[in-house]
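Participant: Below is the file protein-v6.cif, with mmCIF, C-alpha atoms.
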data_entry
loop_
_atom_site.label_atom_id
_atom_site.label_comp_id
_atom_site.auth_asym_id
_atom_site.auth_seq_id
_atom_site.Cartn_x
_atom_site.Cartn_y
_atom_site.Cartn_z
CA MET V 45 33.06 -72.43 -89.49
CA PRO V 46 36.40 -70.69 -89.13
CA SER V 47 36.53 -67.76 -86.65
CA PRO V 48 36.77 -64.28 -88.17
CA PRO V 49 40.08 -62.55 -88.10
CA ALA V 50 40.91 -60.18 -85.24
CA LYS V 51 39.30 -56.77 -85.57
CA ARG V 52 41.45 -53.67 -85.52
CA HIS V 53 40.54 -50.04 -85.30
CA LYS V 54 41.85 -47.65 -87.85
CA ASN V 55 43.52 -45.50 -85.26
CA SER V 56 45.11 -48.35 -83.37
CA VAL V 57 48.75 -48.69 -82.45
CA PHE V 58 49.30 -51.08 -85.38
CA ASP V 59 48.80 -48.31 -87.93
CA THR V 60 51.89 -46.50 -86.68
CA LEU V 61 54.12 -49.52 -87.35
CA ASP V 62 56.02 -50.05 -90.56
CA PRO V 63 53.82 -52.19 -92.88
CA ASN V 64 56.91 -53.94 -94.20
CA LEU V 65 57.62 -55.33 -90.76
CA PRO V 66 56.02 -58.71 -89.90
CA PHE V 67 53.61 -59.10 -86.98
CA SER V 68 54.96 -60.77 -83.91
CA ASP V 69 53.42 -62.24 -80.80
CA LEU V 70 53.57 -59.51 -78.18
CA SER V 71 52.55 -61.81 -75.42
CA SER V 72 55.65 -64.02 -75.68
CA ASP V 73 58.21 -64.14 -72.94
CA SER V 74 61.62 -62.55 -73.01
CA ASP V 75 63.29 -65.98 -73.13
CA ASP V 76 62.03 -66.52 -76.71
CA SER V 77 63.42 -63.27 -78.09
CA ASP V 78 66.00 -65.09 -80.24
CA SER V 79 63.44 -67.29 -81.92
CA ASP V 80 61.20 -64.31 -82.61
CA SER V 81 63.93 -62.43 -84.34
CA ASP V 82 64.68 -65.47 -86.55
CA SER V 83 61.07 -65.85 -87.58
CA ALA V 84 60.81 -62.15 -88.37
CA GLU V 85 63.82 -62.47 -90.58
CA THR V 86 62.29 -65.32 -92.54
CA ALA V 87 58.97 -63.49 -92.88
CA ARG V 88 60.69 -60.45 -94.31
CA LYS V 89 62.34 -62.65 -96.93
CA ASN V 90 59.07 -64.22 -97.90
CA LEU V 91 57.48 -60.82 -98.41
CA THR V 92 60.17 -59.73 -100.72
CA THR V 93 60.09 -62.93 -102.75
CA SER V 94 56.29 -63.40 -103.00
CA PRO V 95 54.29 -60.20 -103.73
CA THR V 96 51.07 -62.13 -103.91
CA LYS V 97 51.14 -62.81 -100.22
CA THR V 98 51.48 -59.10 -99.55
CA LEU V 99 48.42 -58.38 -101.60
CA ASP V 100 46.47 -60.99 -99.68
CA LEU V 101 47.35 -59.34 -96.41
CA CYS V 102 46.20 -55.92 -97.68
CA ASP V 103 42.86 -57.33 -98.82
CA GLN V 104 42.43 -59.00 -95.51
CA SER V 105 42.99 -55.67 -93.61
CA ASP V 106 40.39 -53.89 -95.80
CA GLU V 107 37.81 -56.51 -94.97
CA GLU V 108 38.51 -56.05 -91.27
CA GLU V 109 37.96 -52.28 -91.57
CA ASP V 110 34.61 -52.85 -93.31
CA ILE V 111 33.49 -55.13 -90.51
CA ILE V 112 34.43 -52.55 -87.85
CA GLU V 113 32.54 -49.78 -89.65
CA SER V 114 29.42 -51.90 -90.04
CA THR V 115 29.13 -52.66 -86.30
CA PRO V 116 26.74 -50.20 -84.58
CA PRO V 117 28.19 -48.04 -81.74
CA GLN V 118 27.25 -49.08 -78.21
CA LYS V 119 25.09 -46.60 -76.21
CA ARG V 120 26.63 -45.24 -73.05
CA LYS V 121 24.47 -45.35 -69.95
CA ARG V 122 24.10 -42.01 -68.16
CA GLY V 123 22.42 -41.05 -64.88
CA ARG V 124 19.45 -38.75 -64.68
CA LYS V 125 20.28 -35.10 -64.53
CA LYS V 126 19.11 -33.23 -61.46
CA SER V 127 16.41 -30.70 -62.02
CA THR V 128 17.65 -27.11 -61.82
CA ALA V 129 14.14 -25.67 -61.16
CA PRO V 130 13.79 -23.87 -57.75
CA ALA V 131 12.11 -25.93 -54.99
CA GLU V 132 8.78 -24.79 -53.76
CA PRO V 133 8.98 -22.96 -50.35
CA VAL V 134 7.67 -24.79 -47.30
CA HIS V 135 4.71 -23.04 -45.71
CA VAL V 136 4.88 -22.89 -41.90
CA LYS V 137 1.95 -22.20 -39.63
CA ILE V 138 3.07 -19.53 -37.14
CA THR V 139 1.26 -18.66 -33.91
CA TYR V 140 2.11 -15.13 -32.72
CA ILE V 141 1.78 -14.59 -28.93
CA LEU V 142 1.44 -10.83 -28.35
CA SER V 143 2.54 -8.77 -25.33
CA ILE V 144 1.30 -5.19 -25.73
CA PHE V 145 2.78 -2.46 -23.50
CA SER V 146 1.47 1.08 -23.35
CA ALA V 147 3.72 4.10 -22.79
CA GLY V 148 2.39 4.52 -19.28
CA GLU V 149 3.06 0.88 -18.45
CA MET V 150 6.69 1.23 -19.55
CA LYS V 151 7.17 3.94 -16.90
CA LYS V 152 6.81 1.31 -14.21
CA LYS V 153 9.56 -0.95 -12.95
CA PRO V 154 10.08 -4.10 -15.08
CA ALA V 155 8.80 -6.35 -12.30
CA LYS V 156 5.53 -4.39 -12.03
CA ARG V 157 4.66 -4.13 -15.73
CA MET V 158 1.41 -5.84 -16.73
CA PRO V 159 1.11 -6.23 -20.55
CA LYS V 160 -2.02 -6.83 -22.55
CA SER V 161 -1.95 -10.23 -24.25
CA GLY V 162 -3.32 -11.64 -27.50
CA THR V 163 -2.69 -14.30 -30.15
CA ILE V 164 -2.61 -14.38 -33.98
CA GLN V 165 -2.33 -17.45 -36.23
CA LEU V 166 -1.06 -16.93 -39.80
CA SER V 167 0.71 -18.97 -42.43
CA SER V 168 4.16 -17.98 -43.62
CA ASP V 169 2.87 -17.33 -47.15
CA LYS V 170 0.73 -14.40 -45.96
CA PRO V 171 2.07 -10.95 -46.90
CA TRP V 172 3.32 -8.32 -44.51
CA ASP V 173 0.20 -6.20 -44.86
CA THR V 174 -1.94 -9.03 -43.45
CA LEU V 175 0.17 -9.34 -40.30
CA LYS V 176 0.32 -5.55 -39.94
CA ALA V 177 -3.48 -5.28 -40.13
CA GLN V 178 -3.89 -8.02 -37.51
CA LEU V 179 -1.46 -6.25 -35.17
CA LEU V 180 -3.29 -2.93 -35.54
CA HIS V 181 -6.58 -4.67 -34.77
CA LYS V 182 -5.15 -6.12 -31.54
CA ILE V 183 -3.74 -2.73 -30.52
CA ASP V 184 -7.08 -1.04 -31.11
CA SER V 185 -9.00 -3.65 -29.11
CA THR V 186 -6.65 -3.63 -26.10
CA LEU V 187 -5.20 -0.11 -25.72
CA LYS V 188 -7.94 1.79 -27.60
CA PRO V 189 -5.74 4.76 -28.59
CA LYS V 190 -7.15 7.98 -29.94
CA HIS V 191 -4.99 7.83 -33.08
CA LEU V 192 -4.10 4.41 -34.46
CA ASP V 193 -0.70 4.60 -36.18
CA PHE V 194 1.67 1.66 -36.61
CA THR V 195 4.72 3.94 -36.48
CA ASN V 196 3.92 4.76 -32.84
CA TYR V 197 4.85 1.22 -31.78
CA THR V 198 8.01 -0.86 -31.71
CA VAL V 199 7.54 -4.50 -32.78
CA SER V 200 10.14 -7.14 -31.90
CA THR V 201 9.78 -10.88 -32.59
CA SER V 202 11.64 -13.92 -31.32
CA ILE V 203 11.32 -17.70 -31.85
CA PRO V 204 12.75 -20.15 -29.30
CA ARG V 205 15.97 -21.87 -30.53
CA ILE V 206 15.78 -20.00 -33.84
CA ILE V 207 15.69 -16.25 -33.09
CA PRO V 208 16.87 -15.60 -29.53
CA LYS V 209 15.55 -12.78 -27.37
CA PRO V 210 15.25 -9.80 -27.56
CA GLY V 211 14.50 -10.82 -31.15
CA ILE V 212 14.50 -8.76 -34.34
CA ASN V 213 12.52 -5.64 -35.07
CA ILE V 214 9.80 -5.85 -37.73
CA SER V 215 8.72 -2.54 -39.14
CA SER V 216 8.73 -3.07 -42.91
CA ASN V 217 8.20 -5.70 -45.61
CA GLU V 218 11.95 -6.41 -45.82
CA ASP V 219 12.12 -7.17 -42.10
CA TYR V 220 9.11 -9.46 -42.41
CA ILE V 221 10.68 -11.38 -45.34
CA CYS V 222 13.87 -11.87 -43.34
CA PHE V 223 11.84 -13.16 -40.39
CA ILE V 224 9.93 -15.64 -42.59
CA GLN V 225 13.16 -16.96 -44.15
CA LEU V 226 14.58 -17.66 -40.72
CA ALA V 227 11.34 -19.34 -39.65
CA GLN V 228 11.33 -21.64 -42.73
CA LYS V 229 14.77 -23.02 -41.95
CA THR V 230 13.34 -25.36 -39.35
CA SER V 231 11.85 -28.72 -40.21
CA SER V 232 8.80 -28.16 -38.04
CA GLN V 233 5.56 -27.14 -39.71
CA VAL V 234 4.20 -25.32 -36.62
CA LEU V 235 6.07 -22.51 -34.84
CA THR V 236 5.37 -20.18 -31.94
CA ALA V 237 6.70 -16.61 -32.09
CA GLN V 238 6.84 -14.16 -29.20
CA VAL V 239 5.87 -10.63 -30.31
CA SER V 240 6.42 -7.58 -28.11
CA LEU V 241 4.48 -4.40 -29.01
CA ILE V 242 5.73 -1.33 -27.11
CA GLU V 243 4.13 2.08 -27.48
CA LYS V 244 6.63 4.86 -28.04
CA GLU V 245 6.67 7.80 -25.65
CA LYS V 246 5.25 10.95 -27.20
CA GLU V 247 7.36 14.06 -27.52
CA GLY V 248 6.53 17.68 -26.74
CA GLY V 249 4.82 17.06 -23.41
CA GLU V 250 1.55 15.88 -24.95
CA ASP V 251 -1.02 14.08 -22.89
CA LYS V 252 -0.23 10.42 -22.49
CA GLU V 253 -2.74 8.06 -24.00
CA ASN V 254 -4.28 5.41 -21.81
CA ALA V 255 -2.74 7.01 -18.71
CA ASP V 256 -6.05 6.94 -16.87
CA THR V 257 -6.69 3.27 -17.63
CA GLU V 258 -3.24 1.77 -17.36
CA ILE V 259 -1.66 3.34 -14.28
CA ASP V 260 -2.65 5.73 -11.59
CA GLU V 261 -0.76 8.92 -12.30
CA THR V 262 -1.98 10.73 -9.18
CA PRO V 263 1.02 11.22 -6.93
CA LYS V 264 0.77 9.67 -3.54
CA LYS V 265 1.01 11.93 -0.55
CA ALA V 266 4.44 11.68 0.91
CA LYS V 267 4.49 10.76 4.54
CA LYS V 268 5.66 13.61 6.69
CA LYS V 269 8.69 12.79 8.69
CA LYS V 270 8.21 13.13 12.39
CA THR V 271 10.10 16.12 13.66
CA ASP V 272 12.20 15.61 16.72
CA PRO V 273 10.52 17.52 19.59
CA LEU V 274 13.89 18.87 20.62
CA MET V 275 14.22 20.60 17.23
CA LEU V 276 11.04 22.64 17.62
CA PRO V 277 11.66 26.39 18.08
CA GLY V 278 9.90 26.53 21.45
CA ASN V 279 11.87 23.60 22.85
CA ILE V 280 15.13 25.06 21.60
CA ALA V 281 14.45 28.32 23.42
CA LYS V 282 13.40 26.47 26.58
CA ALA V 283 16.55 24.34 26.52
CA LYS V 284 18.59 27.50 26.23
CA ASN V 285 16.81 28.97 29.28
CA ILE V 286 17.44 25.78 31.26
CA GLN V 287 21.15 26.05 30.48
CA LEU V 288 21.16 29.68 31.67
CA LEU V 289 19.38 28.73 34.92
CA GLN V 290 21.84 25.92 35.59
CA ASP V 291 24.78 28.27 35.08
CA ARG V 292 23.18 30.90 37.31
CA TRP V 293 21.98 28.72 40.20
CA ARG V 294 24.76 26.17 40.55
CA CYS V 295 24.87 25.27 44.25
CA GLU V 296 28.14 25.82 46.08
CA LYS V 297 27.11 23.31 48.80
CA ALA V 298 27.81 25.62 51.68
CA THR V 299 25.75 23.41 53.97
CA ASN V 300 25.74 19.65 54.38
CA SER V 301 21.95 19.56 54.34
CA CYS V 302 21.82 20.62 50.70
CA VAL V 303 21.83 17.61 48.39
CA GLY V 304 21.12 19.37 45.09
CA ILE V 305 23.46 20.40 42.31
CA TYR V 306 21.37 23.43 41.34
CA CYS V 307 19.62 25.31 44.14
CA TYR V 308 17.57 28.47 44.21
CA VAL V 309 18.47 30.64 47.20
CA PRO V 310 15.95 33.44 47.76
CA ILE V 311 17.24 36.91 48.51
CA ASP V 312 15.00 37.30 51.52
CA PRO V 313 15.89 35.44 54.71
CA PRO V 314 16.06 32.69 55.88
CA HIS V 315 17.93 31.96 52.59
CA GLN V 316 16.75 28.37 52.50
CA HIS V 317 18.11 26.29 49.61
CA LEU V 318 15.45 25.05 47.22
CA PRO V 319 16.86 22.24 45.01
CA LEU V 320 16.09 22.78 41.34
CA ASN V 321 15.12 19.40 40.00
CA ASN V 322 14.10 18.78 36.42
CA HIS V 323 10.46 19.61 37.11
CA ARG V 324 11.30 23.00 38.65
CA LEU V 325 13.83 23.86 35.92
CA ASP V 326 11.30 23.01 33.21
CA CYS V 327 8.62 25.14 34.87
CA TRP V 328 10.95 28.09 35.35
CA ALA V 329 12.34 27.95 31.78
CA SER V 330 8.82 27.72 30.29
CA ALA V 331 7.70 30.75 32.32
CA MET V 332 10.67 32.75 31.03
CA LEU V 333 9.37 32.27 27.48
CA LYS V 334 6.27 34.30 28.36
CA GLY V 335 8.32 37.37 29.22
CA ASP V 336 9.78 39.15 32.22
CA VAL V 337 6.31 39.62 33.73
CA CYS V 338 6.06 35.91 34.54
CA ALA V 339 9.68 35.05 35.41
CA THR V 340 13.28 36.12 34.95
CA ILE V 341 16.58 34.39 35.45
CA ASP V 342 16.75 35.81 39.01
CA ARG V 343 13.06 35.55 39.88
CA PRO V 344 11.15 32.25 39.66
CA PRO V 345 7.50 32.14 38.60
CA ASN V 346 4.64 32.37 41.04
CA HIS V 347 4.14 28.62 41.28
CA HIS V 348 3.58 26.21 44.15
CA LEU V 349 6.76 24.35 43.22
CA PHE V 350 8.78 27.35 44.37
CA ASP V 351 6.90 27.83 47.68
CA ALA V 352 9.38 26.84 50.39
CA SER V 353 6.69 26.84 53.08
CA ALA V 354 4.51 24.40 51.16
CA ASN V 355 4.43 20.77 52.11
CA THR V 356 7.05 18.96 50.05
CA GLU V 357 5.89 15.55 51.10
CA SER V 358 5.98 12.95 48.34
CA PRO V 359 2.71 11.98 46.66
CA VAL V 360 3.00 8.41 47.93
CA LEU V 361 3.23 9.52 51.55
CA GLN V 362 0.37 11.95 51.07
CA ARG V 363 -1.89 9.22 49.74
CA ARG V 364 -0.95 6.91 52.58
CA ARG V 365 -1.66 9.60 55.15
CA GLU V 366 -5.02 10.38 53.57
CA ALA V 367 -5.92 6.68 53.61
CA GLN V 368 -5.10 6.41 57.31
CA GLN V 369 -7.23 9.43 58.09
CA LYS V 370 -10.17 7.91 56.23
CA GLU V 371 -9.84 4.69 58.22
CA GLU V 372 -9.84 6.63 61.49
CA THR V 373 -13.01 8.55 60.58
CA THR V 374 -14.91 5.44 59.50
CA THR V 375 -14.30 3.52 62.75
CA GLN V 376 -17.04 4.58 65.32
CA ASN V 377 -17.06 3.82 69.06
CA PHE V 378 -20.45 2.75 70.46
CA THR V 379 -20.94 3.40 74.26
CA PHE V 380 -24.06 2.59 76.30
CA SER V 381 -24.89 2.71 80.06
CA ILE V 382 -26.90 0.24 82.21
CA GLY V 383 -29.38 1.59 84.78
CA ASP V 384 -29.82 0.44 88.44
CA ASP V 385 -33.10 -1.42 87.77
CA ILE V 386 -31.42 -3.61 85.22
CA ARG V 387 -28.56 -4.33 87.60
CA ASP V 388 -30.96 -5.37 90.40
CA LEU V 389 -32.89 -7.64 88.04
CA ALA V 390 -29.67 -9.25 86.95
CA LYS V 391 -28.70 -9.93 90.55
CA GLN V 392 -32.01 -11.69 91.25
CA ILE V 393 -31.72 -13.90 88.18
CA PHE V 394 -28.03 -14.58 88.51
CA PRO V 395 -27.10 -14.38 92.17
CA SER V 396 -23.67 -15.75 91.49
CA LEU V 397 -22.75 -12.80 89.40
CA ALA V 398 -20.17 -10.51 90.82
CA PRO V 399 -21.20 -6.97 91.49
CA VAL V 400 -20.80 -4.71 88.59
CA PRO V 401 -17.80 -2.49 89.16
CA GLN V 402 -18.40 1.18 89.22
CA PRO V 403 -16.96 3.15 86.29
CA ALA V 404 -13.54 4.52 87.09
CA ALA V 405 -12.88 8.18 87.20
CA PRO V 406 -11.60 9.59 83.93
CA LEU V 407 -7.86 9.83 83.67
CA ASP V 408 -6.06 13.04 83.14
CA PRO V 409 -5.24 13.76 79.50
CA ALA V 410 -1.75 12.76 78.41
CA PRO V 411 0.69 15.56 77.84
CA PRO V 412 1.28 16.40 74.17
CA ALA V 413 4.16 14.64 72.51
CA PRO V 414 7.20 16.75 71.81
CA PRO V 415 7.62 17.76 68.17
CA ALA V 416 9.69 15.36 66.15
CA THR V 417 13.12 16.62 65.40
CA ALA V 418 14.39 16.32 61.87
CA GLU V 419 16.85 13.50 61.47
CA LYS V 420 20.28 14.44 60.23
CA TYR V 421 21.23 12.74 56.95
CA ASP V 422 24.36 10.63 57.27
CA PHE V 423 26.45 11.03 54.10
CA ASN V 424 28.96 8.50 55.38
CA CYS V 425 26.36 5.74 55.19
CA PRO V 426 27.37 3.37 52.34
CA THR V 427 23.79 2.67 51.26
CA LEU V 428 21.20 5.17 50.08
CA LEU V 429 18.77 3.92 52.76
CA GLN V 430 19.71 5.33 56.16
CA PRO V 431 20.09 2.78 59.01
CA ALA V 432 17.40 4.48 61.10
CA ARG V 433 14.78 4.17 58.37
CA LYS V 434 12.83 1.21 57.01
CA PRO V 435 11.92 0.38 53.39
CA GLY V 436 8.59 1.67 52.13
CA LEU V 437 5.95 -0.01 50.02
CA ASP V 438 7.25 -2.29 47.28
CA MET V 439 6.47 -1.27 43.70
CA ASN V 440 7.99 -1.62 40.25
CA LEU V 441 10.55 0.83 38.94
CA GLU V 442 8.10 2.65 36.65
CA GLN V 443 5.80 3.49 39.56
CA PHE V 444 8.77 4.39 41.74
CA CYS V 445 10.22 6.83 39.19
CA THR V 446 6.78 8.34 38.52
CA CYS V 447 5.95 8.87 42.19
CA PHE V 448 9.27 10.47 43.06
CA ASP V 449 9.73 12.51 39.85
CA LEU V 450 12.77 10.66 38.50
CA ASP V 451 13.85 11.05 34.88
CA ASN V 452 13.61 8.39 32.20
CA ASP V 453 17.41 8.31 32.05
CA ILE V 454 17.52 7.10 35.64
CA LEU V 455 14.89 4.46 34.90
CA THR V 456 16.84 3.28 31.84
CA LYS V 457 20.11 2.99 33.76
CA LEU V 458 18.49 1.06 36.58
CA ARG V 459 16.82 -1.33 34.16
CA SER V 460 20.03 -1.90 32.22
CA HIS V 461 21.69 -3.09 35.44
CA GLY V 462 18.89 -5.53 36.35
CA TYR V 463 16.87 -3.55 38.92
CA LYS V 464 13.14 -4.28 38.69
CA ASN V 465 11.48 -3.45 42.03
CA ALA V 466 11.80 -0.68 44.58
CA ARG V 467 12.71 -3.04 47.44
CA THR V 468 16.08 -3.78 45.83
CA LEU V 469 17.08 -0.10 45.78
CA ARG V 470 17.74 -0.07 49.55
CA PHE V 471 21.05 -1.89 48.89
CA LEU V 472 22.30 0.69 46.40
CA THR V 473 25.38 2.74 47.29
CA ALA V 474 26.63 6.03 45.94
CA ASP V 475 29.75 4.33 44.56
CA GLU V 476 27.64 1.88 42.63
CA LEU V 477 25.64 4.73 41.14
CA LYS V 478 28.86 6.34 39.95
CA THR V 479 29.93 3.13 38.23
CA MET V 480 26.51 3.11 36.54
CA ASP V 481 27.36 6.52 34.99
CA PHE V 482 24.97 8.46 37.23
CA ARG V 483 25.61 12.19 37.28
CA LEU V 484 25.76 14.15 40.51
CA GLY V 485 22.27 15.53 40.10
CA GLU V 486 20.89 12.05 39.44
CA ILE V 487 22.62 10.70 42.56
CA ALA V 488 21.06 13.49 44.61
CA ALA V 489 17.65 12.73 43.08
CA MET V 490 18.04 9.05 44.03
CA ARG V 491 18.95 9.99 47.63
CA ASP V 492 15.90 12.21 47.87
CA ALA V 493 13.62 9.52 46.40
CA ILE V 494 14.90 6.80 48.79
CA GLU V 495 14.54 9.19 51.72
CA SER V 496 10.93 10.01 50.80
CA TRP V 497 10.09 6.34 50.09
CA SER V 498 11.41 4.97 53.39
CA ASN V 499 9.66 5.19 56.77
#
Translate this file's structure into structure tokens.

Facilitator:
Amino acid sequence: MPSPPAKRHKNSVFDTLDPNLPFSDLSSDSDDSDSDSDSAETARKNLTTSPTKTLDLCDQSDEEEDIIESTPPQKRKRGRKKSTAPAEPVHVKITYILSIFSAGEMKKKPAKRMPKSGTIQLSSDKPWDTLKAQLLHKIDSTLKPKHLDFTNYTVSTSIPRIIPKPGINISSNEDYICFIQLAQKTSSQVLTAQVSLIEKEKEGGEDKENADTEIDETPKKAKKKKTDPLMLPGNIAKAKNIQLLQDRWRCEKATNSCVGIYCYVPIDPPHQHLPLNNHRLDCWASAMLKGDVCATIDRPPNHHLFDASANTESPVLQRRREAQQKEETTTQNFTFSIGDDIRDLAKQIFPSLAPVPQPAAPLDPAPPAPPATAEKYDFNCPTLLQPARKPGLDMNLEQFCTCFDLDNDILTKLRSHGYKNARTLRFLTADELKTMDFRLGEIAAMRDAIESWSN
């Protein structure tokens, strides 16, 4: 069966050509252009000479058009259209961890605040009123306020890696919707949200709620600062009197026997110098505070410290002397006599015994010892201990300064230079005391103490 002729569409390129022109092979090469032109020329001549052939060609083209119109159109394959309906929202299960702070708790330092805790589990499809009711229930069960009002609290919420701290405030339905939209952006179906509930401070000086249960509002008693004793009024007045006495009774050192810086010289003879040490100055200044009846700047008080005739022996020497006297009274001498009968009996039993000597006549009593003359103090001696005297009993510096009425300043200076016992003080010199920042009165007090301590 012969193959059907080539099909052509009505609107093809061939319709635009001149129908009088013959068809040519478009797929031929350029080298055959001469032969094509010759064949076209012969075809044109045939058309003009034989009209029947032209009619046959027209009938043949009509048949081709009928065949094209009878063929059914091919269906074009198309992809499925995407649905434009909105996707259903993903419901997330949210666990709210609550930290509830009262107004009194917020008064504390951040490190000392202790919040009330609680938890709430809700789905993201729950409305704002449900979460609000749950929050009010937790506030009522923990803080127990007198008036429960949601506007009295500040609510802030944060979700790790989604809503960073300090979070966003939630006080209305719009804020809650924004929070839920942010929470639904994650692919996780379970979330944990941190919720901070802070009670607002009330205005107008009203009583604070929960103040008695949350914090102790009673103010603690402030510790009283210790007042310096020198700043007390009585001590200030006494210090002023001591300064007046030192200015009044500064010793001019008219005699070599006076070793004090401040000396009281009585008006009545024999005008003996009485050194004013710290103890005497303190006693005199304290008596002046009681009025002129007790003491004045020119008249010392009636006290044994100002009695020149009294024994000024040091307490250590007094105790030693009293101990010696006790030992002498406790030792008893036992004397007994032997009669003549006993002597004769002894001779008969022991003939070899020598005759018992007769008791010697009592000796004449020894003449009384001359009174001891006071030794002259040698100021040219380099050491504080005089060559003619020996060291006394050894003791530590605290006992030494207490026994001989030395100030704490002297004790501190001696300690700072390594002195610990009294036996080492015999090597001290006046020049060394000056290098240790001893004042003149302190040097005189050390001389007096070494003199009283030595034997």

Participant: Here is a test: counting all atoms listed in the file, which residue of V:Ile207, V:Leu235, V:Ile242, V:Ala367 is nearest to Ile144 of chain V?

Facilitator: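 Among V:Ile207, V:Leu235, V:Ile242, V:Ala367, it is V:Ile242 that comes nearest to Ile144 of chain V.
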
Participant: Neighbouring residues of segment 320-329 of chain V were defined as those with any atom within 7 Å, considering all atoms listed in the file; residues of the same chain fewer than 5 positions away were excluded. Please report them as a JSON list (two decimals) with C-alpha atoms, keeping the file's coordinate frame.

Facilitator:
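Done, and the output landed in selection03.json:
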[["chain", "number", "residue", "atom", "x", "y", "z"],
["V", 282, "LYS", "CA", 13.40, 26.47, 26.58],
["V", 285, "ASN", "CA", 16.81, 28.97, 29.28],
["V", 286, "ILE", "CA", 17.44, 25.78, 31.26],
["V", 306, "TYR", "CA", 21.37, 23.43, 41.34],
["V", 307, "CYS", "CA", 19.62, 25.31, 44.14],
["V", 308, "TYR", "CA", 17.57, 28.47, 44.21],
["V", 344, "PRO", "CA", 11.15, 32.25, 39.66],
["V", 345, "PRO", "CA", 7.50, 32.14, 38.60],
["V", 349, "LEU", "CA", 6.76, 24.35, 43.22]]

Participant: Which one is closest to Thr201 of chain V: V:Leu289, V:Ala237, V:Met275, V:Leu166? Count only C-alpha atoms.

Facilitator: V:Ala237

Participant: Considering all atoms listed in the file, state which residue in the set V:Leu288, V:Leu389, V:Leu429, V:Ile224 is at the smallest distance from Thr340 of chain V.

Facilitator: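 Between V:Leu288, V:Leu389, V:Leu429, V:Ile224, the residue approaching Thr340 of chain V most closely is V:Leu288.
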
Participant: Separation of atom CA of Glu486 of chain V and atom CA of Ile454 of chain V, in Å?

Facilitator: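 Between atom CA of Glu486 of chain V and atom CA of Ile454 of chain V the gap works out to 7.1 Å.
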
Participant: May I have the protein, DNA and RNA residues with an atom at most 12 Å from (17.5, 27.7, 43.8), counting all atoms listed in the file in the file's coordinates, returned as JSON, numbers by chain?

Facilitator: {"V": [289, 290, 291, 292, 293, 294, 295, 296, 297, 302, 303, 304, 305, 306, 307, 308, 309, 310, 311, 315, 316, 317, 318, 319, 320, 321, 324, 325, 328, 341, 342, 343, 344, 349, 350, 351, 352]}

Participant: Could you please determine the separation between atom CA of Leu226 of chain V and atom CA of Ile206 of chain V in Å, to one decimal place?

Facilitator: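 Between atom CA of Leu226 of chain V and atom CA of Ile206 of chain V the gap works out to 7.4 Å.
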
Participant: Please determine, counting only C-alpha atoms, which residue among V:Leu175, V:Lys137, V:Glu243, V:Asp385 has the shortest atom-to-atom distance to Thr230 of chain V.

Facilitator: V:Lys137

Participant: Show me the residues around (30.1, 4.5, 48.0) - criterion: an atom at most 12 Å away, all atoms listed in the file counted - as a VMD selection string.

Facilitator: chain V and resid 423 to 428 471 to 479 487

Participant: May I have the selected residues written with C-alpha atoms, as a CSV table (one decimal), keeping the file's coordinate frame?

Facilitator:
chain,number,residue,atom,x,y,z
V,423,PHE,CA,26.4,11.0,54.1
V,424,ASN,CA,29.0,8.5,55.4
V,425,CYS,CA,26.4,5.7,55.2
V,426,PRO,CA,27.4,3.4,52.3
V,427,THR,CA,23.8,2.7,51.3
V,428,LEU,CA,21.2,5.2,50.1
V,471,PHE,CA,21.0,-1.9,48.9
V,472,LEU,CA,22.3,0.7,46.4
V,473,THR,CA,25.4,2.7,47.3
V,474,ALA,CA,26.6,6.0,45.9
V,475,ASP,CA,29.8,4.3,44.6
V,476,GLU,CA,27.6,1.9,42.6
V,477,LEU,CA,25.6,4.7,41.1
V,478,LYS,CA,28.9,6.3,40.0
V,479,THR,CA,29.9,3.1,38.2
V,487,ILE,CA,22.6,10.7,42.6

Participant: Give me the residues near Val134 of chain V as number ranges by chain, where near means some atom within 10 Å (using all atoms listed in the file) and where sequence neighbours in that chain fewer than 3 positions away do not count.

Facilitator: V: 131, 137, 168-169, 228-233

Participant: Any idea what's packed within 12 Å of segment 178-192 of chain V, counting only C-alpha atoms, ignoring anything in its chain fewer than 4 positions away? Could you give it as a PyMOL selection string?

Facilitator: chain V and resi 140-149+159-166+170-174+196-199+214-215+239-243+251-258

Participant: Atom CA of Gly278 of chain V and atom CA of Cys338 of chain V, how far apart in Å?

Facilitator: 16.6 Å

Participant: When you look at segment 457-466 of chain V with a cut-off of 12 Å (counting only C-alpha atoms), what residues show up, excluding the ones that are within fewer than 2 positions of it in the same chain? I need them as number ranges by chain.

Facilitator: V: 429, 435-448, 450-455, 468-472, 476-483, 486-487, 490, 493-494, 497-498
